[in-house]
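See structure below.
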Amino acid sequence: MPDPDVGVLSRSRATRFIVGSNLRTELSGAGWLYALPRLRYGSVLALGAPSAASLTALTRVSDQVTVVDPSEDSRRRVATLATARGWDGVQAMAADDVSRPQADLLVAPDARVGDRATAVRRWLETAPPDAVAFVGHGQGAATDVGTGATGRSSLSVRLTPGHGEVRSLAPLGDAAMPATLRDLELDAPRFRWSSFKVLRKGRLPDLPFPWRPTDRRATIIAGPDIALGAVPEYLARVASDGGHDLNGWRWAVAARGDYDSQKVLVVLVPPGSSGPTGTVKITRASEHSPRLENEARALQTLAGLDIANGRIPTPWFSGDHAGRAIVGEAFVDGAPFRTRARWDPGCPHLADAVGWLTDLAVATRRDVPATAVREALLDLLARYAGIHGPAAAEVDQLRAIFERVGDIEEPFPSVFQHGDPGIWNLLVDRGDRTVFLDWEAAEADGLPLWDLFYFFRSYAVGAARKAGTRDPVEGAARHMVDGSPLADRLIEAAAAYRAAVGLPAAAVEPLALGCWVHRSLKEAMRSTPERLGTGTSVRFLRHMLERRTAPTLARLYGGEA
């Protein structure tokens with residue numbers, strides 16, 4: 001019998017879907033921060049105006065940031081950004097007596113500019129014993145900042161890309177780690193297609209060109225008792241508290257991504273090994289910690305299931321530092337799913353992924369009242385209406401479809417849901433098994449078919465792009481609304497899933513449409529108000545509503561096997 005107290009989509013229903021809360025323009029940069037001994041400081045002194053992304057990161061490690069820059073334009077830019085973001089603790093000035101600073105973190109993006117190298121040396125002479133400095137040298141040999149005279153420890157590091165925000169970092173003495181990052185596609189590219197398009201238009205981008213061979217370096221300076229060449233102190237401590245000794249391990253930092261919610265990665269290589277065996281995820285801000293903490297719980301929960309063996313990352317440890325969640329996992333050796341997919345209905349990797357999602361649903365299913373599912377869908381619909389402002393007829397149509405769920409008398413299964421099984425979160429290991437990464441959006445009380453639908457849409461879009469269709473909604477509709485051999489595969493997969501978990505055919509249409517209502521809410525967080533109606537999920541949802549009797553949908557909703 002269904003348990004009337006069991007929740008449905010409790011995590012999603014507790015989430016605040018705020019328009020524009022995860023925009024590209026508010027990415028936290030300064031990827032080098034994660035190589036420092038700690039991620040919290042009393043105050044920061046920056047010699048030279050940081051980029052907007054780097055300044056965002058500095059405000060998160062300290063409540064007081066002082067920027068010293070002789071350029072009036074640079075100071076004005078810092079002041080304008082601070083006002084817009086509400087950073088009361090940020091100030092910009094033309095000059096200062098940096099020989100006696102209050103700051104315990106010094107940032108000098110390029111110590112070769114003007115007299116910055118001299119200023120760094122003066123700062124080191126009087127800085128507190130636990131003070132830390134990051135001194136960039138641009139491209140070329142390192143600048144002598146006199147660490148020997150102060151008795152402090154130092155570490156030279158290699159950075160990528162050669163210009164702009166730091167996206168990866170590795171100790172200079174470890175020649176293998178940069179290659180490891182390149183092999184994992186975690187370093188920053190030296191050539192950007194956008195720059196080539198600028199050249200074609202007859203305009204030159206700012207030098208240095210991003211595809212020029214570079215050797216960008218920096219020096220990290222800390223107190224004499226800090227072992228800078230080892231795994232960063234804060235990370236080693238969290239790992240140790242979780243039962244993992246990282247003494248002697250090699251490491252590198254990767255801070256790729258376009259959104260602030262994307263995690264910084266630390267790649268770990270044990271002593272005597274040539275390749276990584278562990279990765280650590282770190283949130284860029286405390287507000288993103290609940291997502292990563294949710295992943296840690298999900299992995300711990302699933303680790304005890306036989307079907308999870310080799311299909312999910314093995315959890316190692318989890319903890320927090322300076323308000324940021326930190327999760328260590330075993331490294332998964334595999335190729336990105338997109339590089340192995342055949343993009344046709346007979347693709348073995350498509351079949352394997354669909355089969356495992358079905359197995360996960362069977363292994364974790366539990367009965368819940370159909371009325372609880374109805375209430376969850378109606379709750380999401382109310383928020384969808386409030387955010388996207390759809391026409392009243394659209395809301396009425398969706399409400400009527402969702403209301404029908406409450407009339408289902410058969411047991412309604414709830415399942416453990418990955419929450420984001422797009423092809424970008426999948427690897428194919430050496431045994432040709434699909435491995436599912438990134439469980440941050442997992443729902444312990446999720447809804448059946450949602451993972452299958454979302455995965456299949458990402459596969460359909462990839463197949464359509466391979467055939468020349470660039471628009472993701474048009475590509476998804478080709479194989480999930482209209483008829484095609486790949487659409488036949490979707491019908492077959494959905495029927496097998498339904499039979500395996502005991503899902504009534506009457507639930508398919510409400511679940512299909514509810515899936516894209518939910519995705520539209522998540523999509524709104526990455527959108528500005530004026531662009532809400534342009535998102536892939538909301539457009540796909542409306543396309544499905546307009547074409548409810550289209551060939552594939554008619555078969556899907558009719559329960560065809």
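In the structure tokens, chains take letters A, B, ... by order of appearance, with residues numbered from 1 within each chain and ligands from 1 in the order shown.
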
Shell around Trp87 (chain A) at 8 Å using only C-alpha atoms, local window under 4 positions removed, as a PyMOL selection string = chain A and resi 59+82-83

Got time to write the residues from that selection, C-alpha atoms, as an mmCIF file, in the first residue's frame?
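Saved the output as result.cif:
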data_model
loop_
_atom_site.group_PDB
_atom_site.id
_atom_site.type_symbol
_atom_site.label_atom_id
_atom_site.label_comp_id
_atom_site.auth_asym_id
_atom_site.auth_seq_id
_atom_site.Cartn_x
_atom_site.Cartn_y
_atom_site.Cartn_z
ATOM 1 C CA THR A 59 34.646 39.401 -2.310
ATOM 2 C CA ALA A 82 30.909 47.333 -6.477
ATOM 3 C CA THR A 83 27.890 49.643 -6.409
#

query = Excluding same-chain residues fewer than 2 positions from region 266-282 of chain A, what lies within 6 Å of it counting only C-alpha atoms, as a PyMOL selection string?
reply = chain A and resi 248-253+263-264+325-331

For the residues in the current selection, export N, CA, C and O atoms as a PDB file, in the first residue's frame.
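again_23.pdb, freshly written:
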ATOM      1  N   GLY A 248      51.609  13.377  -0.026  1.00  0.00           N
ATOM      2  CA  GLY A 248      52.416  12.917  -1.152  1.00  0.00           C
ATOM      3  C   GLY A 248      51.667  12.850  -2.473  1.00  0.00           C
ATOM      4  O   GLY A 248      52.259  12.502  -3.497  1.00  0.00           O
ATOM      5  N   TRP A 249      50.399  13.163  -2.480  1.00  0.00           N
ATOM      6  CA  TRP A 249      49.617  13.125  -3.716  1.00  0.00           C
ATOM      7  C   TRP A 249      49.937  14.339  -4.589  1.00  0.00           C
ATOM      8  O   TRP A 249      50.216  15.422  -4.088  1.00  0.00           O
ATOM      9  N   ARG A 250      49.878  14.154  -5.886  1.00  0.00           N
ATOM     10  CA  ARG A 250      50.009  15.255  -6.837  1.00  0.00           C
ATOM     11  C   ARG A 250      48.625  15.808  -7.155  1.00  0.00           C
ATOM     12  O   ARG A 250      47.625  15.100  -6.994  1.00  0.00           O
ATOM     13  N   TRP A 251      48.573  17.048  -7.644  1.00  0.00           N
ATOM     14  CA  TRP A 251      47.284  17.701  -7.797  1.00  0.00           C
ATOM     15  C   TRP A 251      47.337  18.782  -8.875  1.00  0.00           C
ATOM     16  O   TRP A 251      48.397  19.254  -9.263  1.00  0.00           O
ATOM     17  N   ALA A 252      46.156  19.153  -9.333  1.00  0.00           N
ATOM     18  CA  ALA A 252      46.005  20.274 -10.265  1.00  0.00           C
ATOM     19  C   ALA A 252      44.582  20.793 -10.118  1.00  0.00           C
ATOM     20  O   ALA A 252      43.666  20.044  -9.750  1.00  0.00           O
ATOM     21  N   VAL A 253      44.392  22.066 -10.403  1.00  0.00           N
ATOM     22  CA  VAL A 253      43.088  22.712 -10.268  1.00  0.00           C
ATOM     23  C   VAL A 253      42.519  23.007 -11.650  1.00  0.00           C
ATOM     24  O   VAL A 253      43.230  23.480 -12.541  1.00  0.00           O
ATOM     25  N   LYS A 263      31.180  23.587 -10.580  1.00  0.00           N
ATOM     26  CA  LYS A 263      32.150  23.400  -9.516  1.00  0.00           C
ATOM     27  C   LYS A 263      33.594  23.480 -10.016  1.00  0.00           C
ATOM     28  O   LYS A 263      33.897  23.135 -11.152  1.00  0.00           O
ATOM     29  N   VAL A 264      34.459  23.920  -9.126  1.00  0.00           N
ATOM     30  CA  VAL A 264      35.899  23.840  -9.374  1.00  0.00           C
ATOM     31  C   VAL A 264      36.340  22.416  -9.064  1.00  0.00           C
ATOM     32  O   VAL A 264      35.868  21.808  -8.094  1.00  0.00           O
ATOM     33  N   ALA A 325      31.060  23.753   0.112  1.00  0.00           N
ATOM     34  CA  ALA A 325      31.015  22.298   0.178  1.00  0.00           C
ATOM     35  C   ALA A 325      32.175  21.708  -0.606  1.00  0.00           C
ATOM     36  O   ALA A 325      32.568  22.232  -1.661  1.00  0.00           O
ATOM     37  N   ILE A 326      32.724  20.618  -0.100  1.00  0.00           N
ATOM     38  CA  ILE A 326      33.841  19.915  -0.739  1.00  0.00           C
ATOM     39  C   ILE A 326      33.501  18.435  -0.753  1.00  0.00           C
ATOM     40  O   ILE A 326      33.203  17.851   0.295  1.00  0.00           O
ATOM     41  N   VAL A 327      33.544  17.828  -1.929  1.00  0.00           N
ATOM     42  CA  VAL A 327      33.210  16.405  -2.067  1.00  0.00           C
ATOM     43  C   VAL A 327      34.297  15.716  -2.877  1.00  0.00           C
ATOM     44  O   VAL A 327      34.615  16.138  -4.002  1.00  0.00           O
ATOM     45  N   GLY A 328      34.872  14.665  -2.305  1.00  0.00           N
ATOM     46  CA  GLY A 328      35.876  13.864  -2.995  1.00  0.00           C
ATOM     47  C   GLY A 328      35.273  12.574  -3.515  1.00  0.00           C
ATOM     48  O   GLY A 328      34.500  11.914  -2.810  1.00  0.00           O
ATOM     49  N   GLU A 329      35.629  12.229  -4.752  1.00  0.00           N
ATOM     50  CA  GLU A 329      35.093  11.030  -5.396  1.00  0.00           C
ATOM     51  C   GLU A 329      36.203  10.303  -6.139  1.00  0.00           C
ATOM     52  O   GLU A 329      37.188  10.917  -6.559  1.00  0.00           O
ATOM     53  N   ALA A 330      36.023   9.009  -6.320  1.00  0.00           N
ATOM     54  CA  ALA A 330      36.967   8.253  -7.135  1.00  0.00           C
ATOM     55  C   ALA A 330      36.895   8.742  -8.576  1.00  0.00           C
ATOM     56  O   ALA A 330      35.818   9.039  -9.092  1.00  0.00           O
ATOM     57  N   PHE A 331      38.026   8.833  -9.209  1.00  0.00           N
ATOM     58  CA  PHE A 331      38.088   9.270 -10.605  1.00  0.00           C
ATOM     59  C   PHE A 331      37.479   8.197 -11.508  1.00  0.00           C
ATOM     60  O   PHE A 331      37.712   6.995 -11.313  1.00  0.00           O
TER      61      PHE A 331
END

Between region 301-406 of chain A and region 541-551 of chain A, at 9 Å or less, what are the per-residue closest atom pairs and their distances in Å? Count only C-alpha atoms, order by chain and rising residue number, and return it as JSON lines.
{"residue": "A:Glu394", "atom": "CA", "partner": "A:Leu545", "partner_atom": "CA", "distance": 8.2}
{"residue": "A:Gln397", "atom": "CA", "partner": "A:Leu545", "partner_atom": "CA", "distance": 8.4}
{"residue": "A:Leu398", "atom": "CA", "partner": "A:Leu545", "partner_atom": "CA", "distance": 8.5}

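Take the candidates A:Asp344, A:Asp63, A:Asp183, A:Asp333 and check each one against Arg489 (chain A) using only C-alpha atoms; the shortest distance goes to A:Asp344.
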
request  = Name the residues of region 257-396 of chain A that fall into helix (DSSP H, G or I) according to DSSP on the backbone, using the chain letters and numbers of this document, as number ranges by chain.
outcome  = A: 286-302, 306-308, 337-340, 348-364, 370-388, 392-396

Surrounding residues of Leu106 (chain A) excluding itself and chain neighbours under 6 positions, 8 Å, only C-alpha atoms, as a CSV table (one decimal) with N, CA and C atoms, in the first residue's frame:
chain,number,residue,atom,x,y,z
A,44,VAL,N,41.8,41.7,1.7
A,44,VAL,CA,42.6,41.4,0.4
A,44,VAL,C,43.1,42.7,-0.1
A,45,LEU,N,44.3,42.7,-0.6
A,45,LEU,CA,44.9,43.9,-1.3
A,45,LEU,C,45.2,43.4,-2.7
A,46,ALA,N,44.7,44.1,-3.7
A,46,ALA,CA,44.9,43.7,-5.1
A,46,ALA,C,45.7,44.9,-5.7
A,47,LEU,N,46.9,44.5,-6.3
A,47,LEU,CA,47.7,45.5,-7.0
A,47,LEU,C,47.3,45.4,-8.5
A,120,VAL,N,55.3,44.3,-4.0
A,120,VAL,CA,55.2,42.9,-3.4
A,120,VAL,C,56.3,42.6,-2.4
A,131,ALA,N,50.1,35.4,6.3
A,131,ALA,CA,49.6,36.0,5.1
A,131,ALA,C,50.0,35.2,3.9
A,132,VAL,N,49.2,35.4,2.8
A,132,VAL,CA,49.4,34.6,1.6
A,132,VAL,C,49.4,35.6,0.4
A,133,ALA,N,50.2,35.3,-0.6
A,133,ALA,CA,50.3,36.2,-1.8
A,133,ALA,C,50.2,35.3,-3.1
A,134,PHE,N,49.5,35.9,-4.1
A,134,PHE,CA,49.5,35.3,-5.4
A,134,PHE,C,50.1,36.3,-6.4
A,135,VAL,N,51.2,36.0,-6.9
A,135,VAL,CA,52.0,37.0,-7.8
A,135,VAL,C,52.1,36.4,-9.2

inquiry  = One decimal, in Å: what's the spacing between CA of Tyr34 (chain A) and CA of Asp215 (chain A)?
reply    = 20.3 Å

request  = as a PyMOL selection string, list the residues of region 270-428 of chain A assigned to strand (DSSP E) by DSSP on the backbone atoms of this structure.
outcome  = chain A and resi 278-282+315-321+324-330+334-336+366-368+412-417+426-428

task = Write out as a ChimeraX atom specification each polymer residue whose atoms come within 7 Å of Asp260 (chain A), counting only C-alpha atoms; drop sequence neighbours fewer than 6 positions from it.
result = /A:22,26-28,284

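Among the candidates A:Ala255, A:Pro315, A:Thr66, A:Ala188, the one nearest to Ala30 (chain A) when counting only C-alpha atoms is A:Ala255.
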
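For the atom pair formed by CA of Leu305 (chain A) and CA of Gln262 (chain A), the distance is 27.6 Å, given to one decimal.
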
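Using only C-alpha atoms, the residues found no farther than 12 Å from Arg40 (chain A), other than those of its own chain fewer than 5 positions away, are Leu33, Tyr34, Ala57, Leu58, Thr59, Arg60, Val61, Ser62, Asp63, Gln64, Ala103, Asp104, Leu105, Asp130, Ala131, Val132, Tyr234, Ala285, His321, Ala322, Gly323 and Arg324 of chain A.
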
Writing out the chosen residues with N, CA, C and O atoms as a PDB file, in the first residue's frame:
ATOM      1  N   LEU A  33      42.647  30.737  -6.709  1.00  0.00           N
ATOM      2  CA  LEU A  33      42.339  30.769  -5.276  1.00  0.00           C
ATOM      3  C   LEU A  33      42.330  29.378  -4.658  1.00  0.00           C
ATOM      4  O   LEU A  33      42.710  29.200  -3.489  1.00  0.00           O
ATOM      5  N   TYR A  34      41.908  28.383  -5.442  1.00  0.00           N
ATOM      6  CA  TYR A  34      41.713  27.035  -4.903  1.00  0.00           C
ATOM      7  C   TYR A  34      43.028  26.287  -4.729  1.00  0.00           C
ATOM      8  O   TYR A  34      43.032  25.172  -4.200  1.00  0.00           O
ATOM      9  N   ALA A  57      35.106  36.757  -7.035  1.00  0.00           N
ATOM     10  CA  ALA A  57      35.696  35.702  -6.214  1.00  0.00           C
ATOM     11  C   ALA A  57      36.368  36.273  -4.972  1.00  0.00           C
ATOM     12  O   ALA A  57      36.263  35.699  -3.882  1.00  0.00           O
ATOM     13  N   LEU A  58      37.061  37.398  -5.114  1.00  0.00           N
ATOM     14  CA  LEU A  58      37.764  37.983  -3.969  1.00  0.00           C
ATOM     15  C   LEU A  58      36.791  38.464  -2.906  1.00  0.00           C
ATOM     16  O   LEU A  58      37.082  38.383  -1.706  1.00  0.00           O
ATOM     17  N   THR A  59      35.631  38.972  -3.308  1.00  0.00           N
ATOM     18  CA  THR A  59      34.646  39.401  -2.310  1.00  0.00           C
ATOM     19  C   THR A  59      34.075  38.224  -1.533  1.00  0.00           C
ATOM     20  O   THR A  59      33.501  38.411  -0.455  1.00  0.00           O
ATOM     21  N   ARG A  60      34.226  37.027  -2.076  1.00  0.00           N
ATOM     22  CA  ARG A  60      33.707  35.844  -1.398  1.00  0.00           C
ATOM     23  C   ARG A  60      34.704  35.216  -0.436  1.00  0.00           C
ATOM     24  O   ARG A  60      34.322  34.377   0.376  1.00  0.00           O
ATOM     25  N   VAL A  61      35.962  35.591  -0.540  1.00  0.00           N
ATOM     26  CA  VAL A  61      36.951  35.063   0.402  1.00  0.00           C
ATOM     27  C   VAL A  61      37.290  36.082   1.483  1.00  0.00           C
ATOM     28  O   VAL A  61      38.029  35.778   2.419  1.00  0.00           O
ATOM     29  N   SER A  62      36.753  37.310   1.357  1.00  0.00           N
ATOM     30  CA  SER A  62      37.037  38.349   2.335  1.00  0.00           C
ATOM     31  C   SER A  62      35.926  39.394   2.312  1.00  0.00           C
ATOM     32  O   SER A  62      35.284  39.617   1.291  1.00  0.00           O
ATOM     33  N   ASP A  63      35.725  40.053   3.450  1.00  0.00           N
ATOM     34  CA  ASP A  63      34.725  41.122   3.519  1.00  0.00           C
ATOM     35  C   ASP A  63      35.297  42.475   3.128  1.00  0.00           C
ATOM     36  O   ASP A  63      34.559  43.438   2.948  1.00  0.00           O
ATOM     37  N   GLN A  64      36.621  42.565   2.992  1.00  0.00           N
ATOM     38  CA  GLN A  64      37.266  43.842   2.671  1.00  0.00           C
ATOM     39  C   GLN A  64      38.268  43.628   1.542  1.00  0.00           C
ATOM     40  O   GLN A  64      39.230  42.865   1.685  1.00  0.00           O
ATOM     41  N   ALA A 103      46.039  43.880   5.020  1.00  0.00           N
ATOM     42  CA  ALA A 103      45.578  42.705   4.283  1.00  0.00           C
ATOM     43  C   ALA A 103      46.412  41.477   4.596  1.00  0.00           C
ATOM     44  O   ALA A 103      47.621  41.562   4.825  1.00  0.00           O
ATOM     45  N   ASP A 104      45.744  40.292   4.596  1.00  0.00           N
ATOM     46  CA  ASP A 104      46.497  39.049   4.753  1.00  0.00           C
ATOM     47  C   ASP A 104      46.434  38.193   3.491  1.00  0.00           C
ATOM     48  O   ASP A 104      46.856  37.043   3.495  1.00  0.00           O
ATOM     49  N   LEU A 105      45.907  38.756   2.390  1.00  0.00           N
ATOM     50  CA  LEU A 105      46.027  38.146   1.071  1.00  0.00           C
ATOM     51  C   LEU A 105      46.386  39.246   0.079  1.00  0.00           C
ATOM     52  O   LEU A 105      45.650  40.221  -0.068  1.00  0.00           O
ATOM     53  N   ASP A 130      50.992  34.542   8.732  1.00  0.00           N
ATOM     54  CA  ASP A 130      50.077  33.643   8.028  1.00  0.00           C
ATOM     55  C   ASP A 130      49.534  34.259   6.745  1.00  0.00           C
ATOM     56  O   ASP A 130      48.604  33.727   6.136  1.00  0.00           O
ATOM     57  N   ALA A 131      50.103  35.379   6.308  1.00  0.00           N
ATOM     58  CA  ALA A 131      49.642  36.031   5.083  1.00  0.00           C
ATOM     59  C   ALA A 131      50.011  35.198   3.856  1.00  0.00           C
ATOM     60  O   ALA A 131      50.970  34.424   3.860  1.00  0.00           O
ATOM     61  N   VAL A 132      49.212  35.364   2.813  1.00  0.00           N
ATOM     62  CA  VAL A 132      49.395  34.618   1.562  1.00  0.00           C
ATOM     63  C   VAL A 132      49.409  35.605   0.410  1.00  0.00           C
ATOM     64  O   VAL A 132      48.733  36.638   0.447  1.00  0.00           O
ATOM     65  N   TYR A 234      43.728  23.271   3.092  1.00  0.00           N
ATOM     66  CA  TYR A 234      42.314  23.167   3.453  1.00  0.00           C
ATOM     67  C   TYR A 234      41.701  21.877   2.914  1.00  0.00           C
ATOM     68  O   TYR A 234      40.884  21.229   3.576  1.00  0.00           O
ATOM     69  N   ALA A 285      30.703  29.260  -4.260  1.00  0.00           N
ATOM     70  CA  ALA A 285      30.061  30.118  -3.270  1.00  0.00           C
ATOM     71  C   ALA A 285      29.203  29.258  -2.361  1.00  0.00           C
ATOM     72  O   ALA A 285      28.774  28.166  -2.731  1.00  0.00           O
ATOM     73  N   HIS A 321      34.577  23.952   3.917  1.00  0.00           N
ATOM     74  CA  HIS A 321      35.627  24.878   4.341  1.00  0.00           C
ATOM     75  C   HIS A 321      35.196  26.269   3.910  1.00  0.00           C
ATOM     76  O   HIS A 321      34.804  26.479   2.753  1.00  0.00           O
ATOM     77  N   ALA A 322      35.238  27.211   4.833  1.00  0.00           N
ATOM     78  CA  ALA A 322      34.878  28.604   4.543  1.00  0.00           C
ATOM     79  C   ALA A 322      33.489  28.702   3.900  1.00  0.00           C
ATOM     80  O   ALA A 322      33.269  29.519   3.003  1.00  0.00           O
ATOM     81  N   GLY A 323      32.578  27.841   4.345  1.00  0.00           N
ATOM     82  CA  GLY A 323      31.217  27.884   3.835  1.00  0.00           C
ATOM     83  C   GLY A 323      31.012  27.216   2.495  1.00  0.00           C
ATOM     84  O   GLY A 323      29.903  27.251   1.949  1.00  0.00           O
ATOM     85  N   ARG A 324      32.031  26.589   1.951  1.00  0.00           N
ATOM     86  CA  ARG A 324      31.928  25.929   0.653  1.00  0.00           C
ATOM     87  C   ARG A 324      31.936  24.415   0.839  1.00  0.00           C
ATOM     88  O   ARG A 324      32.731  23.882   1.608  1.00  0.00           O
TER      89      ARG A 324
END

query = Skipping near chain neighbours, those fewer than 2 positions away, what residues fall within 9 Å of region 406-415 of chain A using only C-alpha atoms, listed as a PyMOL selection string?
reply = chain A and resi 1-2+8+360-375+402-404+417+443-448+501-504+506-507

query = Between A:Ala341, A:Leu302, A:Leu532, A:Ala477, which has the minimum distance to Pro390 (chain A) (counting only C-alpha atoms)?
reply = A:Leu532

query = So which one's closest to Gly533 (chain A), A:Gly462, A:Gly29, A:Pro336, A:Gly389? Using only C-alpha atoms, please.
reply = A:Gly389

request  = Show which residues sit within 9 Å of Ala496 (chain A), as a list in words. Count only C-alpha atoms, and ignore same-chain residues fewer than 4 positions away.
outcome  = Thr358, Ile491, Glu492, Ala500, Val501 and Ala561 of chain A
